[in-house]
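**Student:** data-v4.txt (compact mmCIF, N, CA, C and O atoms) pasted underneath:
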# COMPACT_ATOMS: atom_id res chain seq x y z
N MET A 1 89.99 -22.57 -152.58
CA MET A 1 90.49 -23.57 -151.67
C MET A 1 91.95 -23.87 -151.94
O MET A 1 92.74 -23.98 -151.01
N SER A 2 92.32 -23.98 -153.20
CA SER A 2 93.71 -24.32 -153.50
C SER A 2 94.65 -23.22 -153.05
O SER A 2 95.77 -23.49 -152.60
N ARG A 3 94.21 -21.97 -153.13
CA ARG A 3 95.05 -20.86 -152.70
C ARG A 3 95.29 -20.91 -151.18
O ARG A 3 96.40 -20.68 -150.73
N SER A 4 94.26 -21.25 -150.41
CA SER A 4 94.44 -21.34 -148.96
C SER A 4 95.38 -22.48 -148.60
O SER A 4 96.18 -22.36 -147.67
N ARG A 5 95.31 -23.60 -149.33
CA ARG A 5 96.22 -24.72 -149.09
C ARG A 5 97.66 -24.31 -149.44
O ARG A 5 98.61 -24.67 -148.76
N GLU A 6 97.81 -23.54 -150.52
CA GLU A 6 99.13 -23.08 -150.94
C GLU A 6 99.74 -22.15 -149.89
O GLU A 6 100.90 -22.30 -149.51
N VAL A 7 98.95 -21.22 -149.40
CA VAL A 7 99.42 -20.30 -148.36
C VAL A 7 99.78 -21.09 -147.10
O VAL A 7 100.81 -20.83 -146.48
N GLY A 8 98.94 -22.06 -146.74
CA GLY A 8 99.23 -22.90 -145.58
C GLY A 8 100.54 -23.65 -145.74
O GLY A 8 101.33 -23.75 -144.79
N TYR A 9 100.79 -24.16 -146.93
CA TYR A 9 102.04 -24.88 -147.18
C TYR A 9 103.24 -23.95 -147.04
O TYR A 9 104.23 -24.29 -146.40
N ILE A 10 103.14 -22.76 -147.61
CA ILE A 10 104.25 -21.80 -147.54
C ILE A 10 104.53 -21.42 -146.08
O ILE A 10 105.68 -21.40 -145.64
N LEU A 11 103.47 -21.12 -145.33
CA LEU A 11 103.66 -20.76 -143.92
C LEU A 11 104.29 -21.91 -143.13
O LEU A 11 105.21 -21.69 -142.34
N SER A 12 103.80 -23.13 -143.36
CA SER A 12 104.36 -24.27 -142.62
C SER A 12 105.80 -24.55 -143.04
O SER A 12 106.60 -25.02 -142.22
N ALA A 13 106.17 -24.25 -144.28
CA ALA A 13 107.55 -24.43 -144.74
C ALA A 13 108.49 -23.49 -143.98
O ALA A 13 109.68 -23.80 -143.82
N TYR A 14 107.96 -22.37 -143.49
CA TYR A 14 108.75 -21.43 -142.69
C TYR A 14 108.61 -21.70 -141.19
O TYR A 14 109.01 -20.89 -140.37
N GLY A 15 108.03 -22.83 -140.83
CA GLY A 15 107.94 -23.22 -139.43
C GLY A 15 106.75 -22.66 -138.67
O GLY A 15 106.65 -22.81 -137.46
N ILE A 16 105.83 -22.02 -139.38
CA ILE A 16 104.64 -21.47 -138.75
C ILE A 16 103.57 -22.55 -138.67
O ILE A 16 103.28 -23.22 -139.65
N LYS A 17 103.01 -22.75 -137.49
CA LYS A 17 101.97 -23.76 -137.30
C LYS A 17 100.70 -23.31 -138.03
O LYS A 17 100.27 -22.17 -137.91
N VAL A 18 100.09 -24.23 -138.75
CA VAL A 18 98.91 -23.95 -139.56
C VAL A 18 97.81 -24.94 -139.21
O VAL A 18 98.06 -26.14 -139.10
N VAL A 19 96.59 -24.44 -139.00
CA VAL A 19 95.43 -25.31 -138.82
C VAL A 19 94.59 -25.18 -140.08
O VAL A 19 94.12 -24.10 -140.42
N VAL A 20 94.39 -26.29 -140.76
CA VAL A 20 93.67 -26.30 -142.02
C VAL A 20 92.17 -26.32 -141.75
O VAL A 20 91.69 -27.06 -140.90
N ASN A 21 91.43 -25.50 -142.49
CA ASN A 21 89.97 -25.51 -142.41
C ASN A 21 89.44 -26.49 -143.46
O ASN A 21 89.85 -26.45 -144.61
N TYR A 22 88.54 -27.35 -143.04
CA TYR A 22 87.96 -28.36 -143.92
C TYR A 22 86.49 -28.05 -144.13
O TYR A 22 85.75 -27.86 -143.18
N ARG A 23 86.08 -28.01 -145.40
CA ARG A 23 84.67 -27.79 -145.71
C ARG A 23 84.39 -28.41 -147.07
O ARG A 23 84.91 -27.98 -148.08
N ALA A 24 83.60 -29.46 -147.07
CA ALA A 24 83.16 -30.09 -148.31
C ALA A 24 81.70 -29.72 -148.50
O ALA A 24 80.86 -30.09 -147.69
N THR A 25 81.41 -28.97 -149.54
CA THR A 25 80.05 -28.48 -149.72
C THR A 25 79.15 -29.46 -150.47
O THR A 25 77.94 -29.39 -150.33
N PHE A 26 79.74 -30.32 -151.26
CA PHE A 26 78.99 -31.35 -151.99
C PHE A 26 79.81 -32.63 -151.99
O PHE A 26 81.02 -32.60 -151.82
N GLU A 27 79.15 -33.75 -152.22
CA GLU A 27 79.84 -35.03 -152.21
C GLU A 27 81.00 -35.06 -153.20
O GLU A 27 82.05 -35.60 -152.91
N TRP A 28 80.82 -34.45 -154.35
CA TRP A 28 81.87 -34.48 -155.36
C TRP A 28 83.07 -33.60 -155.00
O TRP A 28 84.10 -33.65 -155.66
N THR A 29 82.97 -32.80 -153.92
CA THR A 29 84.10 -31.96 -153.50
C THR A 29 84.94 -32.59 -152.39
O THR A 29 85.92 -32.00 -151.95
N TYR A 30 84.58 -33.78 -151.90
CA TYR A 30 85.31 -34.41 -150.81
C TYR A 30 86.80 -34.54 -151.13
O TYR A 30 87.65 -34.18 -150.33
N GLU A 31 87.11 -35.10 -152.28
CA GLU A 31 88.51 -35.34 -152.63
C GLU A 31 89.30 -34.04 -152.66
O GLU A 31 90.40 -33.96 -152.11
N LEU A 32 88.76 -33.02 -153.28
CA LEU A 32 89.43 -31.73 -153.35
C LEU A 32 89.60 -31.13 -151.95
O LEU A 32 90.66 -30.61 -151.61
N ALA A 33 88.56 -31.22 -151.13
CA ALA A 33 88.61 -30.64 -149.79
C ALA A 33 89.63 -31.36 -148.90
O ALA A 33 90.20 -30.75 -148.00
N LEU A 34 89.88 -32.63 -149.15
CA LEU A 34 90.83 -33.41 -148.35
C LEU A 34 92.27 -33.22 -148.81
O LEU A 34 93.20 -33.49 -148.05
N THR A 35 92.46 -32.71 -150.02
CA THR A 35 93.79 -32.54 -150.58
C THR A 35 94.59 -31.51 -149.77
O THR A 35 94.10 -30.42 -149.48
N GLY A 36 95.79 -31.89 -149.41
CA GLY A 36 96.68 -30.97 -148.71
C GLY A 36 96.52 -30.95 -147.20
O GLY A 36 97.21 -30.18 -146.53
N ILE A 37 95.64 -31.76 -146.64
CA ILE A 37 95.48 -31.81 -145.19
C ILE A 37 96.43 -32.88 -144.65
O ILE A 37 96.43 -34.01 -145.12
N CYS A 38 97.21 -32.52 -143.64
CA CYS A 38 98.19 -33.45 -143.07
C CYS A 38 97.50 -34.58 -142.32
O CYS A 38 96.58 -34.35 -141.54
N TYR A 39 97.99 -35.77 -142.56
CA TYR A 39 97.49 -36.96 -141.88
C TYR A 39 97.76 -36.85 -140.38
O TYR A 39 98.84 -36.44 -139.97
N ASN A 40 96.77 -37.20 -139.56
CA ASN A 40 96.88 -37.26 -138.11
C ASN A 40 97.22 -35.91 -137.47
O ASN A 40 97.89 -35.85 -136.46
N GLY A 41 96.73 -34.84 -138.06
CA GLY A 41 96.99 -33.50 -137.54
C GLY A 41 95.77 -32.88 -136.88
O GLY A 41 94.90 -33.57 -136.36
N ILE A 42 95.72 -31.57 -136.94
CA ILE A 42 94.61 -30.80 -136.39
C ILE A 42 93.88 -30.14 -137.54
O ILE A 42 94.49 -29.54 -138.42
N VAL A 43 92.55 -30.25 -137.54
CA VAL A 43 91.72 -29.72 -138.61
C VAL A 43 90.59 -28.89 -137.98
O VAL A 43 90.07 -29.26 -136.93
N ALA A 44 90.22 -27.80 -138.63
CA ALA A 44 89.12 -26.97 -138.15
C ALA A 44 87.92 -27.13 -139.07
O ALA A 44 88.07 -27.27 -140.29
N ILE A 45 86.72 -27.12 -138.48
CA ILE A 45 85.47 -27.18 -139.23
C ILE A 45 84.51 -26.16 -138.65
O ILE A 45 84.27 -26.16 -137.45
N GLY A 46 83.96 -25.30 -139.50
CA GLY A 46 82.91 -24.39 -139.07
C GLY A 46 81.56 -24.99 -139.43
O GLY A 46 81.37 -25.48 -140.54
N THR A 47 80.63 -24.98 -138.49
CA THR A 47 79.33 -25.61 -138.74
C THR A 47 78.22 -24.59 -139.03
O THR A 47 77.08 -24.99 -139.25
N LEU A 48 78.54 -23.32 -139.05
CA LEU A 48 77.54 -22.30 -139.32
C LEU A 48 76.93 -22.51 -140.70
O LEU A 48 77.63 -22.61 -141.70
N GLY A 49 75.62 -22.66 -140.75
CA GLY A 49 74.92 -22.87 -142.01
C GLY A 49 74.85 -24.32 -142.46
O GLY A 49 74.22 -24.63 -143.47
N CYS A 50 75.49 -25.22 -141.73
CA CYS A 50 75.54 -26.63 -142.12
C CYS A 50 74.51 -27.48 -141.38
O CYS A 50 74.47 -28.70 -141.59
N LEU A 51 73.74 -26.89 -140.51
CA LEU A 51 72.83 -27.67 -139.67
C LEU A 51 71.38 -27.26 -139.83
O LEU A 51 70.53 -27.69 -139.07
N ARG A 52 71.08 -26.44 -140.82
CA ARG A 52 69.73 -25.86 -140.91
C ARG A 52 68.66 -26.80 -141.45
O ARG A 52 67.49 -26.60 -141.20
N ASP A 53 69.06 -27.84 -142.18
CA ASP A 53 68.07 -28.80 -142.69
C ASP A 53 68.71 -30.18 -142.76
O ASP A 53 69.91 -30.33 -142.59
N ASN A 54 67.88 -31.20 -142.98
CA ASN A 54 68.37 -32.59 -142.98
C ASN A 54 69.41 -32.84 -144.05
O ASN A 54 70.37 -33.58 -143.83
N GLU A 55 69.23 -32.26 -145.22
CA GLU A 55 70.19 -32.46 -146.31
C GLU A 55 71.57 -31.91 -145.94
O GLU A 55 72.59 -32.56 -146.14
N SER A 56 71.59 -30.71 -145.36
CA SER A 56 72.86 -30.09 -144.94
C SER A 56 73.52 -30.89 -143.83
O SER A 56 74.74 -31.09 -143.83
N ARG A 57 72.72 -31.34 -142.86
CA ARG A 57 73.25 -32.14 -141.75
C ARG A 57 73.86 -33.45 -142.26
O ARG A 57 74.93 -33.86 -141.82
N THR A 58 73.16 -34.09 -143.20
CA THR A 58 73.65 -35.35 -143.75
C THR A 58 74.96 -35.13 -144.50
O THR A 58 75.90 -35.93 -144.36
N LEU A 59 75.03 -34.06 -145.27
CA LEU A 59 76.26 -33.74 -146.00
C LEU A 59 77.42 -33.50 -145.03
O LEU A 59 78.53 -34.00 -145.22
N LEU A 60 77.17 -32.74 -143.96
CA LEU A 60 78.22 -32.48 -142.97
C LEU A 60 78.66 -33.78 -142.30
O LEU A 60 79.86 -34.05 -142.15
N LYS A 61 77.70 -34.61 -141.92
CA LYS A 61 78.02 -35.89 -141.28
C LYS A 61 78.86 -36.77 -142.20
O LYS A 61 79.86 -37.35 -141.78
N ASP A 62 78.48 -36.85 -143.47
CA ASP A 62 79.22 -37.65 -144.44
C ASP A 62 80.63 -37.09 -144.67
O ASP A 62 81.59 -37.85 -144.81
N SER A 63 80.74 -35.76 -144.71
CA SER A 63 82.06 -35.16 -144.95
C SER A 63 82.98 -35.35 -143.75
O SER A 63 84.18 -35.56 -143.91
N VAL A 64 82.44 -35.32 -142.54
CA VAL A 64 83.24 -35.61 -141.34
C VAL A 64 83.70 -37.06 -141.38
O VAL A 64 84.85 -37.37 -141.06
N HIS A 65 82.80 -37.96 -141.79
CA HIS A 65 83.16 -39.38 -141.91
C HIS A 65 84.32 -39.56 -142.89
O HIS A 65 85.27 -40.30 -142.61
N LYS A 66 84.27 -38.89 -144.03
CA LYS A 66 85.36 -38.98 -145.03
C LYS A 66 86.66 -38.43 -144.46
O LYS A 66 87.73 -39.00 -144.66
N LEU A 67 86.57 -37.31 -143.74
CA LEU A 67 87.75 -36.72 -143.12
C LEU A 67 88.40 -37.71 -142.16
O LEU A 67 89.60 -37.93 -142.20
N VAL A 68 87.60 -38.32 -141.31
CA VAL A 68 88.11 -39.28 -140.33
C VAL A 68 88.66 -40.52 -141.02
O VAL A 68 89.72 -41.05 -140.65
N GLU A 69 87.98 -40.98 -142.05
CA GLU A 69 88.40 -42.18 -142.77
C GLU A 69 89.76 -42.01 -143.46
O GLU A 69 90.61 -42.89 -143.40
N TYR A 70 89.98 -40.87 -144.12
CA TYR A 70 91.18 -40.67 -144.93
C TYR A 70 92.30 -39.92 -144.22
O TYR A 70 93.47 -40.20 -144.46
N ILE A 71 91.98 -38.98 -143.35
CA ILE A 71 93.00 -38.14 -142.73
C ILE A 71 93.31 -38.57 -141.30
O ILE A 71 94.39 -38.37 -140.80
N ARG A 72 92.33 -39.15 -140.61
CA ARG A 72 92.47 -39.57 -139.23
C ARG A 72 93.06 -38.46 -138.35
O ARG A 72 94.12 -38.63 -137.73
N PRO A 73 92.37 -37.32 -138.27
CA PRO A 73 92.92 -36.21 -137.47
C PRO A 73 92.97 -36.55 -135.98
O PRO A 73 92.15 -37.32 -135.49
N ARG A 74 93.95 -35.99 -135.30
CA ARG A 74 94.04 -36.13 -133.84
C ARG A 74 93.00 -35.28 -133.16
O ARG A 74 92.43 -35.66 -132.15
N VAL A 75 92.79 -34.07 -133.73
CA VAL A 75 91.88 -33.09 -133.15
C VAL A 75 91.07 -32.44 -134.26
O VAL A 75 91.62 -32.11 -135.32
N ILE A 76 89.77 -32.28 -134.02
CA ILE A 76 88.94 -31.46 -134.89
C ILE A 76 88.46 -30.28 -134.05
O ILE A 76 87.82 -30.47 -133.02
N ILE A 77 88.80 -29.08 -134.48
CA ILE A 77 88.33 -27.87 -133.83
C ILE A 77 87.03 -27.49 -134.52
O ILE A 77 87.01 -27.27 -135.73
N VAL A 78 85.95 -27.43 -133.76
CA VAL A 78 84.64 -27.10 -134.33
C VAL A 78 84.26 -25.70 -133.89
O VAL A 78 84.16 -25.41 -132.70
N TYR A 79 84.07 -24.83 -134.87
CA TYR A 79 83.63 -23.47 -134.62
C TYR A 79 82.14 -23.43 -134.87
O TYR A 79 81.68 -23.50 -135.99
N GLY A 80 81.36 -23.39 -133.78
CA GLY A 80 79.90 -23.47 -133.86
C GLY A 80 79.42 -24.71 -133.13
O GLY A 80 80.19 -25.38 -132.43
N TYR A 81 78.17 -25.02 -133.28
CA TYR A 81 77.55 -26.16 -132.61
C TYR A 81 78.14 -27.46 -133.15
O TYR A 81 78.37 -27.60 -134.35
N ALA A 82 78.41 -28.41 -132.26
CA ALA A 82 79.01 -29.70 -132.64
C ALA A 82 78.11 -30.84 -132.19
O ALA A 82 78.34 -31.46 -131.15
N PRO A 83 77.06 -31.14 -132.96
CA PRO A 83 76.14 -32.21 -132.55
C PRO A 83 76.86 -33.55 -132.44
O PRO A 83 77.67 -33.92 -133.29
N GLU A 84 76.54 -34.27 -131.38
CA GLU A 84 77.19 -35.56 -131.11
C GLU A 84 76.99 -36.54 -132.27
O GLU A 84 77.92 -37.26 -132.63
N ASP A 85 75.79 -36.57 -132.85
CA ASP A 85 75.53 -37.55 -133.91
C ASP A 85 76.39 -37.28 -135.15
O ASP A 85 76.75 -38.21 -135.87
N ILE A 86 76.74 -36.05 -135.41
CA ILE A 86 77.54 -35.73 -136.59
C ILE A 86 79.01 -36.06 -136.38
O ILE A 86 79.69 -36.53 -137.28
N PHE A 87 79.51 -35.85 -135.17
CA PHE A 87 80.92 -36.07 -134.89
C PHE A 87 81.20 -37.40 -134.19
O PHE A 87 82.31 -37.64 -133.72
N LYS A 88 80.19 -38.27 -134.13
CA LYS A 88 80.34 -39.57 -133.46
C LYS A 88 81.44 -40.42 -134.09
O LYS A 88 82.23 -41.04 -133.38
N CYS A 89 81.53 -40.43 -135.40
CA CYS A 89 82.56 -41.23 -136.06
C CYS A 89 83.96 -40.75 -135.67
O CYS A 89 84.88 -41.56 -135.54
N ALA A 90 84.10 -39.46 -135.42
CA ALA A 90 85.39 -38.92 -135.01
C ALA A 90 85.73 -39.34 -133.58
O ALA A 90 86.84 -39.80 -133.31
N THR A 91 84.77 -39.19 -132.68
CA THR A 91 85.03 -39.56 -131.29
C THR A 91 85.22 -41.07 -131.15
O THR A 91 86.01 -41.52 -130.33
N ASP A 92 84.53 -41.85 -131.98
CA ASP A 92 84.70 -43.31 -131.97
C ASP A 92 86.10 -43.72 -132.42
O ASP A 92 86.58 -44.80 -132.06
N SER A 93 86.76 -42.87 -133.21
CA SER A 93 88.11 -43.19 -133.67
C SER A 93 89.18 -42.48 -132.83
O SER A 93 90.30 -42.28 -133.28
N ASP A 94 88.79 -42.08 -131.61
CA ASP A 94 89.71 -41.44 -130.64
C ASP A 94 90.20 -40.07 -131.08
O ASP A 94 91.27 -39.63 -130.66
N CYS A 95 89.45 -39.40 -131.91
CA CYS A 95 89.75 -38.03 -132.29
C CYS A 95 89.12 -37.10 -131.26
O CYS A 95 87.96 -37.27 -130.90
N GLU A 96 89.88 -36.12 -130.78
CA GLU A 96 89.35 -35.15 -129.84
C GLU A 96 88.55 -34.09 -130.58
O GLU A 96 88.93 -33.68 -131.68
N ILE A 97 87.45 -33.66 -129.99
CA ILE A 97 86.64 -32.58 -130.55
C ILE A 97 86.77 -31.39 -129.61
O ILE A 97 86.43 -31.48 -128.44
N TRP A 98 87.30 -30.28 -130.13
CA TRP A 98 87.39 -29.04 -129.37
C TRP A 98 86.34 -28.10 -129.95
O TRP A 98 86.50 -27.60 -131.05
N GLN A 99 85.29 -27.86 -129.21
CA GLN A 99 84.18 -27.05 -129.70
C GLN A 99 84.23 -25.65 -129.11
O GLN A 99 84.45 -25.47 -127.92
N PHE A 100 84.05 -24.65 -129.98
CA PHE A 100 84.00 -23.25 -129.58
C PHE A 100 82.73 -22.64 -130.15
O PHE A 100 82.42 -22.83 -131.33
N ASP A 101 81.99 -21.90 -129.32
CA ASP A 101 80.79 -21.23 -129.79
C ASP A 101 81.15 -20.12 -130.76
O ASP A 101 82.12 -19.39 -130.54
N SER A 102 80.37 -20.00 -131.81
CA SER A 102 80.55 -18.88 -132.74
C SER A 102 79.90 -17.65 -132.13
O SER A 102 79.11 -17.74 -131.18
N LEU A 103 80.19 -16.49 -132.68
CA LEU A 103 79.56 -15.26 -132.20
C LEU A 103 78.05 -15.31 -132.41
O LEU A 103 77.28 -14.81 -131.60
N ILE A 104 77.63 -15.95 -133.50
CA ILE A 104 76.19 -16.09 -133.78
C ILE A 104 75.51 -16.92 -132.70
O ILE A 104 74.47 -16.55 -132.18
N SER A 105 76.11 -18.07 -132.36
CA SER A 105 75.51 -18.92 -131.33
C SER A 105 75.50 -18.23 -129.98
O SER A 105 74.56 -18.38 -129.20
N LYS A 106 76.52 -17.45 -129.69
CA LYS A 106 76.55 -16.69 -128.44
C LYS A 106 75.41 -15.66 -128.42
O LYS A 106 74.79 -15.46 -127.39
N ALA A 107 75.17 -15.04 -129.55
CA ALA A 107 74.10 -14.04 -129.62
C ALA A 107 72.73 -14.68 -129.38
O ALA A 107 71.90 -14.12 -128.68
N PHE A 108 72.52 -15.86 -129.97
CA PHE A 108 71.23 -16.53 -129.80
C PHE A 108 71.06 -17.15 -128.43
O PHE A 108 69.95 -17.40 -127.99
N ASN A 109 72.17 -17.43 -127.74
CA ASN A 109 72.10 -17.99 -126.40
C ASN A 109 72.25 -16.93 -125.31
O ASN A 109 72.57 -17.25 -124.18
N GLY A 110 72.05 -15.69 -125.66
CA GLY A 110 72.13 -14.62 -124.68
C GLY A 110 73.54 -14.33 -124.18
O GLY A 110 73.72 -13.87 -123.06
N GLY A 111 74.54 -14.60 -125.00
CA GLY A 111 75.92 -14.32 -124.63
C GLY A 111 76.53 -15.32 -123.67
O GLY A 111 77.57 -15.07 -123.10
N LYS A 112 75.89 -16.46 -123.47
CA LYS A 112 76.41 -17.46 -122.55
C LYS A 112 77.48 -18.31 -123.20
O LYS A 112 77.50 -18.56 -124.33
For this file, write the structure as structure tokens.

**Tutor:**
Amino acid sequence: MSRSREVGYILSAYGIKVVVNYRATFEWTYELALTGICYNGIVAIGTLGCLRDNESRTLLKDSVHKLVEYIRPRVIIVYGYAPEDIFKCATDSDCEIWQFDSLISKAFNGGK
């Protein structure tokens, strides 16, 4: 994670627009996952594998809440399914959610 943040910083220092990917896998990783993300910017979140059971869903919901609480992103780009209940705290704080289907979800939905 630190290497990706470092590369992102170097690219942005040269004027290249960077969208940071946010993924907190456990509660104790929230602080590390939030490090280096620009306040009030654009953040990407992939939900593949994060919605398969209640524990994973709760962790994703809590991590989105922490992201919104500390970073206050303008936009969250969601790659995969974006359940309303998980991203409600973001939409309640006027954060836009841009959802894109993953290739996996397209395959299971018959390419729609």

**Student:** Using Å and a single decimal, report how far atom CA of Val75 of chain A sits from atom C of Ser93 of chain A.

**Tutor:**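 Result for atom C of Ser93 of chain A versus atom CA of Val75 of chain A: 9.8 Å, one decimal.
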
**Student:** Would you mind listing what lies within 6 Å of Pro73 of chain A as a list in words, with all atoms listed in the file counted and same-chain residues fewer than 4 positions away left out?

**Tutor:**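 Here the answer would be Cys38, Tyr39, Asn40, Gly41, Ile42, Val43, Leu67, Val68, Ser93, Asp94, Cys95 and Glu96 of chain A.
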
**Student:** Output the selection as a PDB file, in the frame of the given file - N, CA, C and O atoms for each residue.

**Tutor:**
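Final file, result13.pdb:
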ATOM      1  N   CYS A  38      97.210 -32.520-143.640  1.00  0.00           N
ATOM      2  CA  CYS A  38      98.190 -33.450-143.070  1.00  0.00           C
ATOM      3  C   CYS A  38      97.500 -34.580-142.320  1.00  0.00           C
ATOM      4  O   CYS A  38      96.580 -34.350-141.540  1.00  0.00           O
ATOM      5  N   TYR A  39      97.990 -35.770-142.560  1.00  0.00           N
ATOM      6  CA  TYR A  39      97.490 -36.960-141.880  1.00  0.00           C
ATOM      7  C   TYR A  39      97.760 -36.850-140.380  1.00  0.00           C
ATOM      8  O   TYR A  39      98.840 -36.440-139.970  1.00  0.00           O
ATOM      9  N   ASN A  40      96.770 -37.200-139.560  1.00  0.00           N
ATOM     10  CA  ASN A  40      96.880 -37.260-138.110  1.00  0.00           C
ATOM     11  C   ASN A  40      97.220 -35.910-137.470  1.00  0.00           C
ATOM     12  O   ASN A  40      97.890 -35.850-136.460  1.00  0.00           O
ATOM     13  N   GLY A  41      96.730 -34.840-138.060  1.00  0.00           N
ATOM     14  CA  GLY A  41      96.990 -33.500-137.540  1.00  0.00           C
ATOM     15  C   GLY A  41      95.770 -32.880-136.880  1.00  0.00           C
ATOM     16  O   GLY A  41      94.900 -33.570-136.360  1.00  0.00           O
ATOM     17  N   ILE A  42      95.720 -31.570-136.940  1.00  0.00           N
ATOM     18  CA  ILE A  42      94.610 -30.800-136.390  1.00  0.00           C
ATOM     19  C   ILE A  42      93.880 -30.140-137.540  1.00  0.00           C
ATOM     20  O   ILE A  42      94.490 -29.540-138.420  1.00  0.00           O
ATOM     21  N   VAL A  43      92.550 -30.250-137.540  1.00  0.00           N
ATOM     22  CA  VAL A  43      91.720 -29.720-138.610  1.00  0.00           C
ATOM     23  C   VAL A  43      90.590 -28.890-137.980  1.00  0.00           C
ATOM     24  O   VAL A  43      90.070 -29.260-136.930  1.00  0.00           O
ATOM     25  N   LEU A  67      86.570 -37.310-143.740  1.00  0.00           N
ATOM     26  CA  LEU A  67      87.750 -36.720-143.120  1.00  0.00           C
ATOM     27  C   LEU A  67      88.400 -37.710-142.160  1.00  0.00           C
ATOM     28  O   LEU A  67      89.600 -37.930-142.200  1.00  0.00           O
ATOM     29  N   VAL A  68      87.600 -38.320-141.310  1.00  0.00           N
ATOM     30  CA  VAL A  68      88.110 -39.280-140.330  1.00  0.00           C
ATOM     31  C   VAL A  68      88.660 -40.520-141.020  1.00  0.00           C
ATOM     32  O   VAL A  68      89.720 -41.050-140.650  1.00  0.00           O
ATOM     33  N   SER A  93      86.760 -42.870-133.210  1.00  0.00           N
ATOM     34  CA  SER A  93      88.110 -43.190-133.670  1.00  0.00           C
ATOM     35  C   SER A  93      89.180 -42.480-132.830  1.00  0.00           C
ATOM     36  O   SER A  93      90.300 -42.280-133.280  1.00  0.00           O
ATOM     37  N   ASP A  94      88.790 -42.080-131.610  1.00  0.00           N
ATOM     38  CA  ASP A  94      89.710 -41.440-130.640  1.00  0.00           C
ATOM     39  C   ASP A  94      90.200 -40.070-131.080  1.00  0.00           C
ATOM     40  O   ASP A  94      91.270 -39.630-130.660  1.00  0.00           O
ATOM     41  N   CYS A  95      89.450 -39.400-131.910  1.00  0.00           N
ATOM     42  CA  CYS A  95      89.750 -38.030-132.290  1.00  0.00           C
ATOM     43  C   CYS A  95      89.120 -37.100-131.260  1.00  0.00           C
ATOM     44  O   CYS A  95      87.960 -37.270-130.900  1.00  0.00           O
ATOM     45  N   GLU A  96      89.880 -36.120-130.780  1.00  0.00           N
ATOM     46  CA  GLU A  96      89.350 -35.150-129.840  1.00  0.00           C
ATOM     47  C   GLU A  96      88.550 -34.090-130.580  1.00  0.00           C
ATOM     48  O   GLU A  96      88.930 -33.680-131.680  1.00  0.00           O
TER      49      GLU A  96
END

**Student:** Step one, run DSSP on the backbone; step two, keep only residues of segment 18-85 of chain A assigned to strand (DSSP E); then write them as a VMD selection string.

**Tutor:** chain A and resid 20 to 21 42 to 46 75 to 79

**Student:** Quick check, in Å to one decimal: how far apart do atom N of Phe100 of chain A and atom O of Tyr79 of chain A lie?

**Tutor:** 6.6 Å

**Student:** Please, what distance in Å, to one decimal, runs between atom N of Gly36 of chain A and atom N of Ser63 of chain A?

**Tutor:**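 Taking atom N of Gly36 of chain A as the start and atom N of Ser63 of chain A as the end point, the length is 16.2 Å.
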
**Student:** Using all atoms listed in the file, determine which residues lie at most 7 Å from Val19 of chain A, disregarding the query and same-chain residues fewer than 2 positions distant; provide the list as a PyMOL selection string.

**Tutor:** chain A and resi 16-17+21-22+42-44

**Student:** As a ChimeraX atom specification, please: the residues near Thr91 of chain A (cut-off 12 Å, only C-alpha atoms, same-chain neighbours under 4 positions excluded).

**Tutor:** /A:64-65,68,72-76,82-87,95-98

**Student:** Determine which residues of chain A DSSP labels as helix (DSSP H, G or I) from the backbone of this structure, then write them out as a PyMOL selection string.

**Tutor:** chain A and resi 2-13+27-34+54-70+84-92+103-108

**Student:** Here is a test: counting only C-alpha atoms, which residue of A:Asp62, A:Ser56, A:Ala107, A:Gly49 is nearest to Cys89 of chain A?

**Tutor:** A:Asp62
